[in-house]
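Peer 1: Dumping the structure here so I can ask a few things about it.
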Amino acid sequence: MGGQRRGGGEDRGGAGGAREARVRAEEARAWADLVATARRTVADGLVVGTSGNVSVRVGETVLVTPSGVPYDRLTPDDVTGVDLDGRQVIGGLVPTSELPLHLAVYRTTGARAVVHTHAVHATAVSTLVPELPPVHYMTAALGGPVRVAPYATYGTAELAENMLRALAGRSGCLLQNHGTVTHGATLDQAYDRTAQLEWMCRLWLTASSVPGRTPTLLSEAQLAEVAEKLRGYGQRE
């Protein structure tokens with residue numbers, strides 16, 4: 001795998017060297033998945049240019065998209081990683097400016113991946129309401145009605161703190177006048193939650209724009225019933 005690891009010294013032989021090789025192979029696979037996910041956010045219209053960012057946790061290391069680098073230019077040699085205190089341990093590119101946001105999620109949840117976007121409909125909703133109205137049952141898949149974190153300047157500890165409050169009991173939230181944050185056990189899950197959140201925001205904006213009509217909303221009991229059904233959703237191993 002390309003990219004310089006800091007503070008690791010030379011590879012050692014024996015069991016230690018084998019463990020190091022396994023870790024680096026896992027990081028290489030995770031980086032490839034991260035880059036693919038970041039490119040997907042652009043292809044699906046969830047970000048423009050280098051806005052938004054993606055991260056994935058491998059052990060005690062967090063791989064993140066670097067700051068200001070177009071995703072289609074990222075290569076295996078551009079791998080960028082930090083520890084949970086934000087110290088860079090892999091690579092030479094500067095990590096995303098939203099690093100405090102990503103690390104806050106990893107320090108307080110069991111998440112293994114985080115996706116942050118500037119999705120248009122979700123950002124629009126963040127400017128209108130303090131919480132996305134439960135207009136669709138997939139609200140339950142994010143833990144309940146999606147809250148809006150109060151605005152704070154990007155890249156700040158204040159924004160990270162606001163986000164954590166909005167994420168309590170949830171796997172996604174909106175950032176006021178900014179965008180979305182979702183997390184999951186995998187990059188695919190975090191990304192799918194982002195896509196669902198953007199779709200629900202688009203749905204609510206569409207329904208609420210009809211003159212003289214107000215969208216029907218789901219009750220807490222209805223969402224709880226869906227949440228129970230979702231626990232058994234999908235294929236069983």
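If you're wondering about the labels, chains in the structure tokens are A, B, ... by order shown, residues count from 1 in each chain, ligands from 1 in order shown.
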Show me, as a JSON list (two decimals) with N, CA, C and O atoms, in the first residue's frame, the residues that have an atom within 8 Å of A:Arg170 when counting only C-alpha atoms, minus same-chain residues fewer than 5 positions from it.
Peer 2:
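Generated output (selection_28.json):
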```
[["chain", "number", "residue", "atom", "x", "y", "z"],
["A", 142, "LEU", "N", -33.30, 5.36, 10.60],
["A", 142, "LEU", "CA", -32.28, 6.27, 11.12],
["A", 142, "LEU", "C", -32.43, 6.48, 12.62],
["A", 142, "LEU", "O", -31.75, 7.33, 13.20],
["A", 143, "GLY", "N", -33.32, 5.72, 13.25],
["A", 143, "GLY", "CA", -33.49, 5.80, 14.69],
["A", 143, "GLY", "C", -34.63, 6.67, 15.14],
["A", 143, "GLY", "O", -34.91, 6.77, 16.34],
["A", 144, "GLY", "N", -35.32, 7.32, 14.20],
["A", 144, "GLY", "CA", -36.43, 8.21, 14.55],
["A", 144, "GLY", "C", -36.32, 9.50, 13.78],
["A", 144, "GLY", "O", -35.43, 9.66, 12.92],
["A", 146, "VAL", "N", -35.36, 12.77, 12.17],
["A", 146, "VAL", "CA", -34.00, 13.28, 12.00],
["A", 146, "VAL", "C", -33.93, 14.74, 12.46],
["A", 146, "VAL", "O", -34.64, 15.60, 11.94]]
```
Peer 1: Do you know which residues are at most 10 Å from A:Ala168 counting only C-alpha atoms, after dropping those on the same chain fewer than 2 positions away, and could you put them as an MDAnalysis selection string?
Peer 2: chainID A and resid 108:109 143 147 163:166 170:173
Peer 1: Please identify the strand (DSSP E) residues within stretch 15-163 of chain A (assignment by DSSP from backbone atoms) and present them as number ranges by chain.
Peer 2: A: 53-58, 61-64, 81-83, 88-90, 113-117, 148-149
Peer 1: Go through A:Gly86, A:Gly92, A:Pro70, A:Pro150 one by one, measure the shortest atom-to-atom distance of each to A:Arg107 using only C-alpha atoms, and give the residue with the smallest value.
Peer 2: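 Of A:Gly86, A:Gly92, A:Pro70, A:Pro150, the one nearest A:Arg107 is A:Gly86, counting only C-alpha atoms.
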Peer 1: What does the distance from atom CA of A:Arg22 to atom CA of A:Ala113 come to in Å, to one decimal?
Peer 2: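 Separation between atom CA of A:Arg22 and atom CA of A:Ala113: 19.9 Å.
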Peer 1: Running DSSP on the backbone, which parts of stretch 138-233 of chain A land in helix (DSSP H, G or I), as number ranges by chain?
Peer 2: A: 138-142, 157-167, 187-208, 220-230
Peer 1: Would you pick out the contacts of A:Val42 at 12 Å or less, using only C-alpha atoms, so that residues sharing its chain but fewer than 2 positions from it are not included, and give the list as an mmCIF file with C-alpha atoms, in the first residue's frame?
Peer 2:
```
data_model
loop_
_atom_site.group_PDB
_atom_site.id
_atom_site.type_symbol
_atom_site.label_atom_id
_atom_site.label_comp_id
_atom_site.auth_asym_id
_atom_site.auth_seq_id
_atom_site.Cartn_x
_atom_site.Cartn_y
_atom_site.Cartn_z
ATOM 1 C CA VAL A 35 -12.407 6.380 -2.453
ATOM 2 C CA ALA A 36 -15.189 4.501 -4.266
ATOM 3 C CA THR A 37 -17.748 5.834 -1.780
ATOM 4 C CA ALA A 38 -16.449 9.400 -2.081
ATOM 5 C CA ARG A 39 -16.696 9.207 -5.873
ATOM 6 C CA ARG A 40 -20.215 7.852 -5.538
ATOM 7 C CA ASP A 44 -25.124 10.711 -7.267
ATOM 8 C CA GLY A 45 -25.204 14.490 -6.905
ATOM 9 C CA LEU A 46 -24.804 14.560 -3.125
ATOM 10 C CA VAL A 47 -21.742 16.810 -3.288
ATOM 11 C CA VAL A 48 -20.197 19.253 -5.740
ATOM 12 C CA GLY A 49 -16.452 19.352 -6.317
ATOM 13 C CA THR A 50 -14.553 18.547 -3.131
ATOM 14 C CA SER A 51 -17.372 19.398 -0.723
ATOM 15 C CA GLY A 52 -18.361 16.691 1.747
ATOM 16 C CA ASN A 53 -16.046 14.003 3.084
ATOM 17 C CA VAL A 54 -15.903 10.312 3.947
ATOM 18 C CA PRO A 70 -10.890 15.936 -6.212
ATOM 19 C CA TYR A 71 -11.988 12.370 -5.556
ATOM 20 C CA ASP A 72 -11.309 11.237 -9.119
ATOM 21 C CA HIS A 116 -20.850 13.838 5.237
ATOM 22 C CA THR A 117 -22.474 15.515 2.223
ATOM 23 C CA HIS A 118 -23.930 18.813 1.053
ATOM 24 C CA ALA A 119 -26.989 17.152 -0.487
#
```
Peer 1: Which residue gives the smallest distance to A:Ala190 among A:Leu128, A:Leu63, A:Ile90, A:Ala141, with only C-alpha atoms counted?
Peer 2: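 Answer, going by the shortest atom-to-atom distance: A:Ala141.
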Peer 1: Just want the 9 Å neighbourhood of A:Ala111, counted on only C-alpha atoms, with same-chain residues fewer than 4 positions away dropped. Output as a PyMOL selection string.
Peer 2: chain A and resi 56-57+105-107+171+183-186
Peer 1: Could the residues in this selection be written to a file with N, CA, C and O atoms, as a CSV table (one decimal), in the first residue's frame?
Peer 2:
```
chain,number,residue,atom,x,y,z
A,56,VAL,N,-13.5,6.1,7.3
A,56,VAL,CA,-13.7,4.7,7.7
A,56,VAL,C,-12.7,4.3,8.8
A,56,VAL,O,-11.5,4.7,8.7
A,57,ARG,N,-13.1,3.6,9.8
A,57,ARG,CA,-12.2,3.3,10.9
A,57,ARG,C,-11.7,1.8,10.7
A,57,ARG,O,-12.4,0.9,10.5
A,105,VAL,N,-17.8,11.4,16.1
A,105,VAL,CA,-18.7,10.3,15.9
A,105,VAL,C,-18.0,9.0,16.4
A,105,VAL,O,-18.6,8.2,17.1
A,106,TYR,N,-16.7,8.8,16.0
A,106,TYR,CA,-16.0,7.6,16.4
A,106,TYR,C,-15.8,7.5,17.9
A,106,TYR,O,-15.8,6.4,18.5
A,107,ARG,N,-15.6,8.6,18.5
A,107,ARG,CA,-15.3,8.6,19.9
A,107,ARG,C,-16.5,8.3,20.8
A,107,ARG,O,-16.4,7.9,21.9
A,171,SER,N,-28.8,7.6,13.7
A,171,SER,CA,-27.6,7.3,12.8
A,171,SER,C,-27.4,8.3,11.8
A,171,SER,O,-26.6,8.1,10.8
A,183,HIS,N,-23.8,7.8,9.9
A,183,HIS,CA,-22.8,6.8,10.2
A,183,HIS,C,-23.3,5.4,10.2
A,183,HIS,O,-24.6,5.2,10.2
A,184,GLY,N,-22.4,4.4,10.1
A,184,GLY,CA,-22.9,3.0,10.1
A,184,GLY,C,-21.8,2.1,10.4
A,184,GLY,O,-20.6,2.5,10.7
A,185,ALA,N,-22.1,0.8,10.3
A,185,ALA,CA,-21.1,-0.3,10.6
A,185,ALA,C,-20.2,-0.5,9.4
A,185,ALA,O,-19.1,-1.0,9.6
A,186,THR,N,-20.6,0.0,8.2
A,186,THR,CA,-19.8,-0.2,7.0
A,186,THR,C,-20.0,1.1,6.2
A,186,THR,O,-20.9,1.9,6.4
```
Peer 1: Quick one: everything within 9 Å of A:Leu93, counting only C-alpha atoms, minus sequence neighbours fewer than 3 positions away in the same chain. Send it as number ranges by chain.
Peer 2: A: 66-67, 78-80, 90
Peer 1: Keeping only N, CA, C and O atoms, write the selected residues as a CSV table (one decimal), in the first residue's frame.
Peer 2:
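This is the output file out.csv:
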```csv
chain,number,residue,atom,x,y,z
A,66,PRO,N,-8.7,13.4,2.0
A,66,PRO,CA,-7.9,14.6,2.2
A,66,PRO,C,-8.6,15.9,1.8
A,66,PRO,O,-9.5,15.9,1.1
A,67,SER,N,-8.1,17.0,2.3
A,67,SER,CA,-8.7,18.3,2.1
A,67,SER,C,-8.4,18.8,0.7
A,67,SER,O,-7.2,18.8,0.2
A,78,ASP,N,-2.3,7.9,-2.0
A,78,ASP,CA,-2.8,9.1,-1.3
A,78,ASP,C,-3.5,8.8,0.0
A,78,ASP,O,-4.1,9.7,0.6
A,79,VAL,N,-3.4,7.6,0.4
A,79,VAL,CA,-4.1,7.1,1.7
A,79,VAL,C,-3.7,8.1,2.8
A,79,VAL,O,-2.5,8.5,3.0
A,80,THR,N,-4.7,8.5,3.5
A,80,THR,CA,-4.6,9.5,4.6
A,80,THR,C,-5.2,9.0,5.8
A,80,THR,O,-6.4,8.6,5.8
A,90,ILE,N,-0.8,8.3,8.8
A,90,ILE,CA,-0.5,7.7,7.5
A,90,ILE,C,-0.6,8.8,6.5
A,90,ILE,O,-1.6,9.6,6.5
```
Peer 1: Quick one: residues within 9 Å of A:Glu198, only C-alpha atoms, excluding same-chain residues fewer than 3 positions away - as an MDAnalysis selection string?
Peer 2: chainID A and resid 46 119:123 180 193:195 201:203
Peer 1: Name all residues at most 10 Å from A:Ala152 (count only C-alpha atoms; drop same-chain ones fewer than 6 positions away) and give them as a VMD selection string.
Peer 2: chain A and resid 158 to 163 175 to 178
